[in-house]
>>> print(open('target06.txt').read())   # compact mmCIF, C-alpha atoms
# COMPACT_ATOMS: atom_id res chain seq x y z
CA MET A 5 -31.88 -20.88 19.50
CA THR A 6 -31.90 -17.09 20.00
CA VAL A 7 -32.07 -14.59 17.16
CA LYS A 8 -28.50 -13.45 17.91
CA ALA A 9 -27.22 -17.03 17.78
CA SER A 10 -28.87 -17.46 14.38
CA VAL A 11 -27.19 -14.27 13.13
CA ALA A 12 -23.83 -15.61 14.34
CA ASP A 13 -24.39 -18.82 12.35
CA VAL A 14 -25.17 -16.79 9.23
CA ARG A 15 -21.98 -14.78 9.66
CA ARG A 16 -19.92 -17.97 9.87
CA TRP A 17 -21.55 -19.25 6.68
CA VAL A 18 -20.87 -15.96 4.90
CA ARG A 19 -17.16 -16.05 5.76
CA LEU A 20 -16.93 -19.40 4.01
CA HIS A 21 -18.92 -18.45 0.91
CA GLN A 22 -18.48 -14.69 0.34
CA ARG A 23 -16.02 -15.17 -2.55
CA ALA A 24 -18.27 -17.60 -4.43
CA PRO A 25 -19.54 -16.48 -7.87
CA GLY A 26 -22.86 -14.68 -7.60
CA ALA A 27 -22.59 -14.29 -3.83
CA ARG A 28 -22.58 -10.49 -3.73
CA PRO A 29 -26.31 -9.78 -4.36
CA ILE A 30 -27.30 -12.59 -1.99
CA LEU A 31 -25.12 -11.17 0.77
CA ALA A 32 -26.46 -7.66 0.15
CA GLY A 33 -29.98 -9.01 0.61
CA ILE A 34 -29.05 -10.77 3.85
CA GLU A 35 -27.46 -7.59 5.19
CA LEU A 36 -30.55 -5.56 4.26
CA ALA A 37 -32.76 -8.03 6.14
CA TYR A 38 -30.45 -7.82 9.17
CA GLN A 39 -30.62 -4.02 9.22
CA GLY A 40 -34.42 -4.20 9.23
CA LEU A 41 -34.33 -6.67 12.11
CA ARG A 42 -31.87 -4.50 14.04
CA ARG A 43 -34.07 -1.42 13.73
CA VAL A 44 -36.95 -3.37 15.31
CA LEU A 45 -35.07 -5.18 18.09
CA ASP A 46 -32.15 -2.90 18.98
CA ARG A 47 -33.91 -0.51 21.32
CA GLY A 48 -31.09 0.61 23.61
CA GLY A 49 -28.41 1.39 21.03
CA ARG A 50 -25.81 -0.45 23.07
CA PRO A 51 -22.61 -1.43 21.25
CA ALA A 52 -21.94 -5.09 20.56
CA GLU A 53 -19.26 -5.20 23.27
CA ALA A 54 -22.00 -4.31 25.79
CA GLY A 55 -24.43 -6.94 24.50
CA GLY A 56 -26.12 -4.85 21.79
CA TRP A 57 -26.72 -5.60 18.13
CA PRO A 58 -23.68 -5.01 15.88
CA VAL A 59 -23.89 -2.17 13.35
CA ARG A 60 -23.13 -4.72 10.63
CA GLY A 61 -24.78 -8.11 10.46
CA LEU A 62 -22.33 -9.56 7.95
CA PRO A 63 -18.58 -9.13 7.49
CA PHE A 64 -17.47 -6.49 4.99
CA PRO A 65 -17.32 -7.89 1.44
CA ALA A 66 -13.98 -9.50 0.64
CA PRO A 67 -11.79 -7.68 -1.90
CA ARG A 68 -12.43 -8.99 -5.42
CA PRO A 69 -9.73 -7.42 -7.60
CA PHE A 70 -9.91 -9.95 -10.45
CA GLY A 71 -12.46 -10.59 -13.17
CA ARG A 72 -12.92 -11.56 -16.80
CA ARG A 73 -10.15 -9.33 -18.12
CA GLU A 74 -7.56 -11.06 -15.96
CA LEU A 75 -8.86 -14.45 -17.07
CA HIS A 76 -8.60 -13.39 -20.71
CA GLU A 77 -4.98 -12.29 -20.35
CA LEU A 78 -4.02 -15.45 -18.46
CA ARG A 79 -5.54 -17.59 -21.19
CA ARG A 80 -3.53 -15.63 -23.75
CA ALA A 81 -0.30 -16.35 -21.85
CA LEU A 82 -1.16 -20.04 -21.68
CA ARG A 83 -2.02 -20.09 -25.38
CA ASP A 84 1.24 -18.41 -26.39
CA GLN A 85 3.34 -20.93 -24.43
CA ASN A 86 6.07 -18.29 -24.25
CA VAL A 87 6.70 -17.60 -20.58
CA CYS A 88 10.49 -17.58 -20.38
CA ALA A 89 12.27 -14.29 -19.65
CA PRO A 90 13.57 -12.30 -21.41
CA GLU A 91 11.55 -13.37 -24.44
CA ASP A 92 8.19 -13.28 -22.68
CA GLU A 93 5.84 -10.96 -24.53
CA ALA A 94 3.38 -10.46 -21.64
CA VAL A 95 6.10 -8.93 -19.45
CA ARG A 96 7.28 -6.65 -22.26
CA ARG A 97 3.70 -5.52 -22.96
CA PHE A 98 3.14 -4.86 -19.26
CA GLU A 99 6.31 -2.78 -19.03
CA ARG A 100 5.32 -0.68 -22.03
CA ARG A 101 1.84 -0.15 -20.63
CA MET A 102 3.21 0.82 -17.19
CA ALA A 103 5.58 3.34 -18.72
CA SER A 104 2.77 4.82 -20.80
CA THR A 105 0.28 4.94 -17.93
CA PHE A 106 2.68 6.63 -15.52
CA GLY A 107 4.51 8.77 -18.07
CA THR A 108 8.08 7.51 -17.76
CA ARG A 109 10.72 6.40 -20.25
CA HIS A 110 11.39 3.09 -18.52
CA ALA A 111 9.39 0.55 -16.50
CA ILE A 112 11.17 -2.60 -15.30
CA ALA A 113 8.81 -5.34 -14.09
CA VAL A 114 9.99 -7.28 -11.04
CA SER A 115 8.82 -10.04 -8.73
CA SER A 116 7.83 -7.92 -5.70
CA GLY A 117 7.91 -4.46 -4.18
CA THR A 118 10.88 -5.48 -2.06
CA SER A 119 12.83 -6.57 -5.14
CA ALA A 120 11.93 -3.22 -6.74
CA LEU A 121 13.53 -1.36 -3.82
CA HIS A 122 16.61 -3.57 -3.89
CA ALA A 123 17.00 -3.22 -7.65
CA ALA A 124 16.71 0.57 -7.29
CA LEU A 125 19.51 0.60 -4.70
CA ILE A 126 21.69 -1.55 -6.96
CA ALA A 127 20.97 0.81 -9.84
CA ALA A 128 21.95 3.73 -7.60
CA GLU A 129 25.28 1.94 -6.93
CA ILE A 130 24.81 1.80 -3.17
CA LYS A 131 27.78 -0.03 -1.66
CA PRO A 132 28.70 -1.57 1.71
CA GLY A 133 29.19 1.12 4.33
CA ASP A 134 27.08 3.71 2.50
CA GLU A 135 24.17 5.25 4.40
CA VAL A 136 20.63 5.44 3.06
CA ILE A 137 17.94 7.54 4.76
CA VAL A 138 14.76 5.50 5.31
CA PRO A 139 11.39 6.46 6.85
CA ALA A 140 10.98 5.43 10.47
CA LEU A 141 7.35 4.58 9.71
CA THR A 142 7.03 2.22 6.76
CA HIS A 143 7.23 -1.45 5.84
CA ALA A 144 10.44 -3.27 6.76
CA SER A 145 11.26 -3.91 3.09
CA ALA A 146 12.72 -0.41 2.73
CA ALA A 147 15.34 -1.03 5.41
CA LEU A 148 15.85 -4.67 4.45
CA ALA A 149 16.76 -3.66 0.90
CA VAL A 150 19.43 -1.34 2.32
CA LEU A 151 20.89 -4.19 4.37
CA TYR A 152 20.93 -6.43 1.28
CA GLN A 153 23.50 -4.01 -0.16
CA GLY A 154 25.58 -4.04 3.01
CA ALA A 155 24.62 -0.40 3.55
CA VAL A 156 23.37 1.27 6.73
CA PRO A 157 19.78 2.53 7.12
CA ARG A 158 19.44 5.89 8.90
CA PHE A 159 15.89 6.65 9.95
CA ALA A 160 13.91 9.88 9.66
CA ASP A 161 10.90 10.48 11.89
CA ALA A 162 7.42 11.02 10.48
CA CYS A 163 5.42 14.20 10.02
CA ALA A 164 2.49 14.32 12.46
CA HIS A 165 0.18 15.73 9.78
CA SER A 166 0.71 13.29 6.89
CA PHE A 167 2.44 10.32 8.64
CA ASN A 168 5.08 10.55 5.87
CA PRO A 169 8.80 11.35 6.33
CA ASP A 170 9.42 14.84 7.71
CA PRO A 171 11.74 16.76 5.33
CA ALA A 172 13.43 18.50 8.26
CA ARG A 173 14.22 15.11 9.83
CA ILE A 174 15.57 13.86 6.51
CA GLU A 175 17.88 16.88 6.26
CA ALA A 176 19.10 16.28 9.82
CA ALA A 177 19.92 12.63 9.02
CA VAL A 178 22.26 13.46 6.10
CA THR A 179 25.94 12.73 6.77
CA GLU A 180 29.06 12.56 4.61
CA LYS A 181 28.31 8.84 4.09
CA THR A 182 24.76 9.35 2.85
CA ARG A 183 24.24 8.27 -0.75
CA ALA A 184 20.46 7.99 -1.17
CA ILE A 185 17.06 8.84 0.30
CA VAL A 186 14.16 6.38 0.28
CA THR A 187 10.92 8.24 0.88
CA VAL A 188 7.42 6.76 1.13
CA HIS A 189 3.87 7.81 0.24
CA LEU A 190 2.17 6.12 3.16
CA CYS A 191 -1.33 4.69 2.53
CA GLY A 192 -1.52 6.52 -0.80
CA VAL A 193 -0.92 10.04 0.57
CA PRO A 194 2.02 11.73 -1.22
CA CYS A 195 4.87 12.99 0.91
CA GLU A 196 6.32 16.50 0.57
CA LEU A 197 8.32 15.68 -2.53
CA ALA A 198 9.42 19.21 -3.46
CA PRO A 199 11.53 19.89 -0.33
CA ILE A 200 12.79 16.29 -0.25
CA ARG A 201 13.93 16.53 -3.88
CA ARG A 202 15.71 19.80 -3.05
CA ILE A 203 17.55 18.07 -0.19
CA ALA A 204 18.60 15.25 -2.52
CA ASP A 205 19.82 17.67 -5.19
CA ARG A 206 21.67 19.87 -2.70
CA HIS A 207 23.63 16.92 -1.30
CA GLY A 208 24.01 14.97 -4.55
CA LEU A 209 21.84 12.06 -3.36
CA VAL A 210 19.71 9.60 -5.32
CA LEU A 211 16.02 9.98 -4.45
CA ILE A 212 14.05 6.72 -4.49
CA GLU A 213 10.27 6.91 -4.12
CA ASP A 214 8.58 3.97 -2.43
CA ALA A 215 5.19 4.30 -4.14
CA ALA A 216 4.06 0.78 -3.21
CA GLN A 217 0.88 2.07 -1.55
CA ALA A 218 0.25 5.05 -3.80
CA HIS A 219 -0.60 3.94 -7.34
CA GLY A 220 -2.39 6.85 -8.97
CA ALA A 221 -1.54 9.48 -6.36
CA ALA A 222 -0.01 12.72 -7.64
CA TYR A 223 2.13 15.62 -6.47
CA ASP A 224 2.05 18.92 -8.36
CA GLY A 225 -0.01 17.16 -11.00
CA LYS A 226 2.62 14.49 -11.66
CA GLN A 227 2.19 10.87 -10.65
CA VAL A 228 4.21 9.79 -7.62
CA GLY A 229 6.89 7.26 -8.44
CA THR A 230 8.00 9.45 -11.36
CA ILE A 231 9.35 12.50 -9.52
CA GLY A 232 12.44 11.03 -7.84
CA HIS A 233 15.32 9.45 -9.71
CA LEU A 234 13.67 6.04 -9.29
CA GLY A 235 10.16 4.97 -8.30
CA CYS A 236 9.27 1.58 -6.79
CA PHE A 237 5.87 -0.09 -6.94
CA SER A 238 4.33 -3.18 -5.35
CA PHE A 239 1.37 -5.12 -6.74
CA GLN A 240 0.66 -7.14 -3.61
CA SER A 241 -2.96 -7.89 -2.75
CA ALA A 242 -3.70 -4.74 -0.70
CA LYS A 243 -2.71 -2.33 -3.47
CA THR A 244 -4.70 -0.48 -6.15
CA LEU A 245 -2.97 -2.52 -8.88
CA VAL A 246 -2.92 -6.19 -7.86
CA THR A 247 -1.07 -9.09 -9.44
CA GLY A 248 -0.85 -11.23 -6.27
CA GLU A 249 2.81 -10.36 -5.92
CA GLY A 250 5.02 -8.38 -8.27
CA GLY A 251 6.35 -4.87 -8.62
CA ALA A 252 8.05 -2.39 -10.93
CA VAL A 253 10.88 0.14 -11.04
CA LEU A 254 10.18 3.37 -12.95
CA THR A 255 12.75 5.91 -14.11
CA ASP A 256 13.49 8.44 -16.85
CA ASP A 257 17.25 7.89 -16.55
CA ASP A 258 18.67 5.53 -19.19
CA ALA A 259 21.73 4.56 -17.12
CA LEU A 260 19.66 3.83 -14.00
CA ALA A 261 17.24 1.78 -16.09
CA ARG A 262 20.05 -0.29 -17.57
CA ARG A 263 21.56 -1.07 -14.17
CA ALA A 264 18.13 -1.87 -12.68
CA ARG A 265 17.44 -4.31 -15.51
CA LEU A 266 20.82 -5.97 -14.97
CA ALA A 267 20.12 -6.12 -11.23
CA ILE A 268 16.93 -8.17 -11.65
CA ASP A 269 18.41 -10.62 -14.17
CA PHE A 270 21.60 -11.96 -12.53
CA GLY A 271 23.65 -8.98 -13.76
CA GLU A 272 23.87 -10.78 -17.07
CA VAL A 273 24.60 -9.11 -20.41
CA ARG A 274 23.57 -11.47 -23.19
CA ARG A 275 25.87 -11.53 -26.22
CA THR A 276 23.41 -12.42 -28.94
CA GLU A 277 24.98 -10.54 -31.82
CA GLN A 278 27.42 -13.38 -32.59
CA PRO A 279 26.46 -17.07 -32.85
CA GLY A 280 27.91 -19.12 -30.03
CA SER A 281 28.91 -16.11 -27.92
CA ARG A 282 28.56 -16.37 -24.14
CA ALA A 283 26.85 -14.27 -21.51
CA GLU A 284 28.87 -11.84 -19.42
CA TYR A 285 28.11 -10.95 -15.79
CA VAL A 286 28.90 -7.31 -15.11
CA LEU A 287 27.46 -6.86 -11.62
CA LEU A 288 26.08 -8.92 -8.73
CA GLY A 289 22.48 -9.38 -9.82
CA TRP A 290 19.50 -11.32 -8.53
CA ASN A 291 16.63 -13.29 -10.02
CA TYR A 292 13.89 -10.69 -9.53
CA ARG A 293 12.10 -11.12 -12.85
CA MET A 294 8.32 -10.88 -13.05
CA SER A 295 6.50 -13.96 -14.32
CA ALA A 296 4.31 -13.97 -17.43
CA PHE A 297 1.26 -14.75 -15.32
CA GLN A 298 1.82 -11.78 -13.01
CA ALA A 299 2.32 -9.56 -16.05
CA SER A 300 -0.86 -10.89 -17.66
CA VAL A 301 -2.90 -10.04 -14.58
CA GLY A 302 -1.15 -6.66 -14.44
CA LEU A 303 -2.18 -5.84 -18.01
CA ALA A 304 -5.82 -6.44 -17.10
CA GLN A 305 -5.41 -4.41 -13.91
CA LEU A 306 -4.12 -1.44 -15.91
CA GLU A 307 -7.29 -1.62 -18.02
CA ARG A 308 -9.40 -1.07 -14.89
CA PHE A 309 -6.92 1.28 -13.17
CA GLU A 310 -8.89 4.50 -13.62
CA ALA A 311 -12.15 2.86 -12.52
CA SER A 312 -10.47 1.44 -9.42
CA ARG A 313 -8.92 4.79 -8.58
CA ALA A 314 -12.30 6.53 -8.96
CA ALA A 315 -14.00 3.94 -6.73
CA ARG A 316 -11.42 4.51 -3.99
CA ALA A 317 -11.91 8.27 -4.24
CA ARG A 318 -15.67 7.86 -3.86
CA ASN A 319 -15.25 5.68 -0.80
CA VAL A 320 -12.78 8.12 0.76
CA ALA A 321 -15.26 10.97 0.25
CA ARG A 322 -18.06 8.88 1.79
CA LEU A 323 -15.94 7.88 4.76
CA ALA A 324 -14.70 11.42 5.35
CA ASP A 325 -18.33 12.55 5.34
CA ALA A 326 -19.32 9.77 7.78
CA LEU A 327 -16.55 10.84 10.19
CA ARG A 328 -17.07 14.59 9.83
CA GLY A 329 -17.71 16.31 13.15
CA LEU A 330 -16.70 13.30 15.22
CA PRO A 331 -14.48 14.70 17.99
CA GLY A 332 -11.18 12.96 18.58
CA VAL A 333 -10.88 11.51 15.06
CA GLU A 334 -8.23 13.14 12.85
CA PRO A 335 -7.81 11.79 9.28
CA GLN A 336 -4.33 11.41 7.84
CA GLY A 337 -3.41 14.82 6.47
CA VAL A 338 -2.81 15.51 2.79
CA PRO A 339 -0.10 18.01 1.76
CA GLU A 340 -1.37 21.08 -0.08
CA ARG A 341 0.19 20.14 -3.44
CA ALA A 342 -0.80 16.47 -3.26
CA THR A 343 -3.64 14.39 -4.71
CA PRO A 344 -3.93 11.12 -2.78
CA CYS A 345 -5.09 7.71 -3.92
CA HIS A 346 -5.66 5.95 -0.63
CA SER A 347 -4.80 2.30 -0.27
CA ILE A 348 -6.11 2.51 3.32
CA PHE A 349 -7.82 5.48 5.00
CA PHE A 350 -6.00 6.11 8.27
CA VAL A 351 -7.15 8.28 11.15
CA ARG A 352 -5.57 9.18 14.47
CA ILE A 353 -7.70 8.59 17.55
CA ASP A 354 -7.36 11.04 20.43
CA PRO A 355 -6.69 8.90 23.54
CA GLU A 356 -9.06 11.09 25.54
CA ALA A 357 -11.88 10.52 23.06
CA SER A 358 -11.43 6.75 22.93
CA ARG A 359 -11.37 6.59 26.74
CA ARG A 360 -9.98 3.04 26.88
CA GLY A 361 -7.31 3.44 24.23
CA ARG A 362 -6.94 2.71 20.53
CA ASP A 363 -6.62 -1.08 20.86
CA ALA A 364 -9.80 -1.39 22.93
CA LEU A 365 -11.60 0.82 20.42
CA ALA A 366 -10.36 -1.42 17.58
CA GLU A 367 -11.75 -4.49 19.32
CA GLY A 368 -15.07 -2.72 19.83
CA LEU A 369 -15.19 -1.86 16.11
CA ARG A 370 -14.47 -5.46 15.17
CA ARG A 371 -17.40 -6.55 17.32
CA GLU A 372 -19.54 -4.10 15.35
CA GLY A 373 -18.58 -5.92 12.15
CA ILE A 374 -16.11 -3.27 10.94
CA ASP A 375 -13.07 -4.36 8.92
CA LEU A 376 -10.04 -2.34 10.03
CA LYS A 377 -6.26 -2.26 9.92
CA LEU A 378 -3.71 -1.25 12.53
CA PRO A 379 -0.51 0.56 11.50
CA TYR A 380 2.97 -0.85 11.99
CA ASP A 381 3.36 -1.87 15.61
CA ARG A 382 6.55 0.17 16.12
CA PRO A 383 9.00 2.35 14.20
CA LEU A 384 11.46 0.42 12.04
CA ALA A 385 14.43 1.60 14.08
CA HIS A 386 13.04 -0.21 17.14
CA HIS A 387 13.69 -3.58 15.49
CA ARG A 388 17.08 -4.88 16.64
CA LEU A 389 17.97 -5.96 13.10
CA PHE A 390 18.24 -2.35 11.95
CA GLY A 391 20.66 -0.93 14.48
CA PRO A 392 20.83 0.70 17.88
CA GLY A 393 17.33 2.22 17.84
CA GLY A 394 16.72 5.83 18.79
CA SER A 395 13.81 8.12 19.54
CA TYR A 396 11.15 8.70 16.90
CA PRO A 397 8.31 10.23 18.92
CA VAL A 398 5.95 11.07 16.04
CA ALA A 399 6.17 7.59 14.51
CA GLU A 400 5.77 6.05 17.96
CA ARG A 401 2.60 8.05 18.57
CA ILE A 402 1.12 7.14 15.19
CA CYS A 403 1.80 3.45 15.88
CA THR A 404 -0.26 3.61 19.07
CA GLU A 405 -3.04 6.01 18.00
CA ALA A 406 -3.86 5.27 14.34
CA LEU A 407 -6.63 3.12 12.85
CA GLY A 408 -7.05 2.28 9.17
CA PHE A 409 -10.20 1.48 7.20
CA ARG A 410 -10.60 -0.20 3.83
CA VAL A 411 -11.73 1.93 0.88
CA ASP A 412 -11.21 -0.60 -1.94
CA PRO A 413 -13.78 -0.99 -4.75
CA ALA A 414 -15.41 -4.06 -3.15
CA LEU A 415 -16.96 -1.67 -0.61
CA GLY A 416 -19.51 1.09 -1.03
CA GLY A 417 -21.58 3.67 0.76
CA ALA A 418 -23.18 1.22 3.20
CA GLU A 419 -19.82 0.09 4.55
CA MET A 420 -18.45 3.62 4.82
CA ALA A 421 -21.57 4.72 6.71
CA ALA A 422 -21.22 1.72 9.03
CA VAL A 423 -17.71 2.82 10.03
CA GLY A 424 -19.00 6.25 11.07
CA ALA A 425 -22.04 4.80 12.87
CA ALA A 426 -19.92 2.31 14.81
CA LEU A 427 -17.43 4.95 15.93
CA ARG A 428 -20.19 7.32 17.03
CA ARG A 429 -21.93 4.54 18.95
CA LEU A 430 -18.76 3.48 20.77
CA PHE A 431 -17.73 7.03 21.63
CA ALA A 432 -21.23 7.89 22.92
CA TRP A 433 -21.46 4.71 25.02
CA ARG A 434 -18.07 5.27 26.62
CA ARG A 435 -18.90 8.85 27.52
>>> encode(input="target06.txt", output="structure tokens")
Amino acid sequence: MTVKASVADVRRWVRLHQRAPGARPILAGIELAYQGLRRVLDRGGRPAEAGGWPVRGLPFPAPRPFGRRELHELRRALRDQNVCAPEDEAVRRFERRMASTFGTRHAIAVSSGTSALHAALIAAEIKPGDEVIVPALTHASAALAVLYQGAVPRFADACAHSFNPDPARIEAAVTEKTRAIVTVHLCGVPCELAPIRRIADRHGLVLIEDAAQAHGAAYDGKQVGTIGHLGCFSFQSAKTLVTGEGGAVLTDDDALARRARLAIDFGEVRRTEQPGSRAEYVLLGWNYRMSAFQASVGLAQLERFEASRAARARNVARLADALRGLPGVEPQGVPERATPCHSIFFVRIDPEASRRGRDALAEGLRREGIDLKLPYDRPLAHHRLFGPGGSYPVAERICTEALGFRVDPALGGAEMAAVGAALRRLFAWRR
């Protein structure tokens, strides 16, 4: 058996066991041994796609967002045996802690980021036939939530610098039927909220921030998700705050908060002030309530929120340093008044620099052992479900030229350096 075949066997074993307790120091030792072996045997510096030794011997460490704090809170929920909404104490504690952490009057815990967006649209009283402006480049949930209300999504193209919605395109999409704007902070980079808020105020529109990917990011010193009329969060596994699934709606407006809470709980007003009184249903609501177990994990996640945000910032700084001076690689731009908290660090790849295109470069990076993400495969408007389509050239270009890299706390300096080394090796070989 060759040395390379043995390394491949080790990699397969690691994929099966990398989440096991106590695995991290063992895997770090194996990777260190591999790097020593590579320095001795890898004479030509060829990339793995050309038969060389990969930059990384082992896969990147798997995300490990949960620990003892989460286990403690879950045990508390099990001990209390009180997991039925609306009496559940874990959900109420999580909502209070969210509101305090993000500085809002109200936080409504929900079952997912998609349900947060839908509840926000219900709270904004969006009706069939209304139009809602949605980013052309974002997850489908933003447009799906609009369709749930029988409304019509109108798409705004992205800004080439930040990948976020272009305020000028939002302004151009406003019609007499427009009732709301959904804007997004893509990958944790805040959009240009000041001009977008001015557009909303000028036309009397409700501004809904999709902050699903931007926990902890700020604009003008204020946390995103708290600057529009409503802010929507997701706690899915790729986010800074992780509860498996789950989400939240944030607002300072009492009336919006009341309607959002009705929206997630069947539209039911409970008449508890008189014995024997019955519930009343005042609007078409849904069952979007967060579970006690999600809330328990969320409480523990909020305890480690600042540490997680700091770890992501360190990894972003390391990765930016590793990519500095590499021609043809342009990181996602950050607006002047924004402080990002990256969920993923995206870059645009100049087609001339990659020589064989972004997709071929991505495959070469995977062969080097680099964990990466591709953006959405096309603008939302190009899905038949959302209407007749249209031209969104900036979003289309980002979909074909962008690459994303993990910066979560499971990674560190070695992984960030490996991304830069792999890109430099592939670019040099192809030249």
>>> atom_distance(input="target06.txt", atom1="atom CA of A:Arg265", atom2="atom CA of A:Ala221")
25.2 Å
>>> residues_around(input="target06.txt", residues="stretch 234-251 of chain A", least_positions_apart="4", cutoff="8 Å", atoms="all atoms listed in the file", output="mmCIF file with C-alpha atoms, in the frame of the given file")
data_model
loop_
_atom_site.group_PDB
_atom_site.id
_atom_site.type_symbol
_atom_site.label_atom_id
_atom_site.label_comp_id
_atom_site.auth_asym_id
_atom_site.auth_seq_id
_atom_site.Cartn_x
_atom_site.Cartn_y
_atom_site.Cartn_z
ATOM 1 C CA PRO A 69 -9.730 -7.420 -7.600
ATOM 2 C CA ALA A 113 8.810 -5.340 -14.090
ATOM 3 C CA VAL A 114 9.990 -7.280 -11.040
ATOM 4 C CA SER A 115 8.820 -10.040 -8.730
ATOM 5 C CA SER A 116 7.830 -7.920 -5.700
ATOM 6 C CA GLY A 117 7.910 -4.460 -4.180
ATOM 7 C CA THR A 118 10.880 -5.480 -2.060
ATOM 8 C CA SER A 119 12.830 -6.570 -5.140
ATOM 9 C CA ALA A 120 11.930 -3.220 -6.740
ATOM 10 C CA LEU A 121 13.530 -1.360 -3.820
ATOM 11 C CA ALA A 124 16.710 0.570 -7.290
ATOM 12 C CA LEU A 211 16.020 9.980 -4.450
ATOM 13 C CA ILE A 212 14.050 6.720 -4.490
ATOM 14 C CA GLU A 213 10.270 6.910 -4.120
ATOM 15 C CA ASP A 214 8.580 3.970 -2.430
ATOM 16 C CA ALA A 215 5.190 4.300 -4.140
ATOM 17 C CA ALA A 216 4.060 0.780 -3.210
ATOM 18 C CA GLN A 217 0.880 2.070 -1.550
ATOM 19 C CA ALA A 218 0.250 5.050 -3.800
ATOM 20 C CA HIS A 219 -0.600 3.940 -7.340
ATOM 21 C CA VAL A 228 4.210 9.790 -7.620
ATOM 22 C CA GLY A 229 6.890 7.260 -8.440
ATOM 23 C CA THR A 230 8.000 9.450 -11.360
ATOM 24 C CA THR A 255 12.750 5.910 -14.110
ATOM 25 C CA ASP A 256 13.490 8.440 -16.850
ATOM 26 C CA LEU A 260 19.660 3.830 -14.000
ATOM 27 C CA MET A 294 8.320 -10.880 -13.050
ATOM 28 C CA GLN A 298 1.820 -11.780 -13.010
ATOM 29 C CA ALA A 299 2.320 -9.560 -16.050
ATOM 30 C CA VAL A 301 -2.900 -10.040 -14.580
ATOM 31 C CA GLY A 302 -1.150 -6.660 -14.440
ATOM 32 C CA GLN A 305 -5.410 -4.410 -13.910
ATOM 33 C CA LEU A 306 -4.120 -1.440 -15.910
ATOM 34 C CA PHE A 309 -6.920 1.280 -13.170
ATOM 35 C CA SER A 312 -10.470 1.440 -9.420
ATOM 36 C CA ARG A 313 -8.920 4.790 -8.580
ATOM 37 C CA SER A 347 -4.800 2.300 -0.270
ATOM 38 C CA ASP A 412 -11.210 -0.600 -1.940
#
>>> residues_around(input="target06.txt", residues="A:Arg359", least_positions_apart="2", cutoff="12 Å", atoms="all atoms listed in the file", output="ChimeraX atom specification")
/A:332,353-357,361-365,430-435
>>> atom_distance(input="target06.txt", atom1="atom CA of A:Arg173", atom2="atom CA of A:Arg202")
13.8 Å
>>> closest_residue(input="target06.txt", among="A:Asp381, A:His233, A:Gln336, A:Val138", to="A:Asp258", atoms="only C-alpha atoms")
A:His233
>>> residues_around(input="target06.txt", residues="stretch 174-188 of chain A", least_positions_apart="2", cutoff="8 Å", atoms="all atoms listed in the file", output="PyMOL selection string")
chain A and resi 128+130+133-139+142+146+158-161+168-172+190+194-195+200+203-204+208-215
>>> closest_residue(input="target06.txt", among="A:Tyr38, A:Phe270, A:Phe350, A:Tyr292", to="A:Ala406", atoms="only C-alpha atoms")
A:Phe350
>>> atom_distance(input="target06.txt", atom1="atom CA of A:Val150", atom2="atom CA of A:Gly337")
28.3 Å
>>> residues_around(input="target06.txt", residues="A:Ile374", least_positions_apart="4", cutoff="10 Å", atoms="only C-alpha atoms", output="ChimeraX atom specification")
/A:58-64,366-370,409-410,419-420,422-424,426-427
>>> residues_near_point(input="target06.txt", point="(14.4, -0.1, 17.7)", cutoff="12 Å", atoms="all atoms listed in the file", output="PDB file with C-alpha atoms, keeping the file's coordinate frame")
ATOM      1  CA  ALA A 140      10.980   5.430  10.470  1.00  0.00           C
ATOM      2  CA  LEU A 141       7.350   4.580   9.710  1.00  0.00           C
ATOM      3  CA  ARG A 158      19.440   5.890   8.900  1.00  0.00           C
ATOM      4  CA  PHE A 159      15.890   6.650   9.950  1.00  0.00           C
ATOM      5  CA  ASP A 381       3.360  -1.870  15.610  1.00  0.00           C
ATOM      6  CA  ARG A 382       6.550   0.170  16.120  1.00  0.00           C
ATOM      7  CA  PRO A 383       9.000   2.350  14.200  1.00  0.00           C
ATOM      8  CA  LEU A 384      11.460   0.420  12.040  1.00  0.00           C
ATOM      9  CA  ALA A 385      14.430   1.600  14.080  1.00  0.00           C
ATOM     10  CA  HIS A 386      13.040  -0.210  17.140  1.00  0.00           C
ATOM     11  CA  HIS A 387      13.690  -3.580  15.490  1.00  0.00           C
ATOM     12  CA  ARG A 388      17.080  -4.880  16.640  1.00  0.00           C
ATOM     13  CA  LEU A 389      17.970  -5.960  13.100  1.00  0.00           C
ATOM     14  CA  PHE A 390      18.240  -2.350  11.950  1.00  0.00           C
ATOM     15  CA  GLY A 391      20.660  -0.930  14.480  1.00  0.00           C
ATOM     16  CA  PRO A 392      20.830   0.700  17.880  1.00  0.00           C
ATOM     17  CA  GLY A 393      17.330   2.220  17.840  1.00  0.00           C
ATOM     18  CA  GLY A 394      16.720   5.830  18.790  1.00  0.00           C
ATOM     19  CA  SER A 395      13.810   8.120  19.540  1.00  0.00           C
ATOM     20  CA  TYR A 396      11.150   8.700  16.900  1.00  0.00           C
ATOM     21  CA  ALA A 399       6.170   7.590  14.510  1.00  0.00           C
ATOM     22  CA  GLU A 400       5.770   6.050  17.960  1.00  0.00           C
TER      23      GLU A 400
END
>>> residues_around(input="target06.txt", residues="A:Arg262", least_positions_apart="6", cutoff="10 Å", atoms="all atoms listed in the file", output="list in words")
His110, Ile112 and Ala127 of chain A
>>> closest_residue(input="target06.txt", among="A:Arg322, A:Arg371, A:Arg72, A:His122", to="A:Leu288", atoms="only C-alpha atoms")
A:His122
>>> closest_residue(input="target06.txt", among="A:Ile348, A:Ala111, A:Ala155, A:Val44", to="A:Ala252", atoms="all atoms listed in the file")
A:Ala111
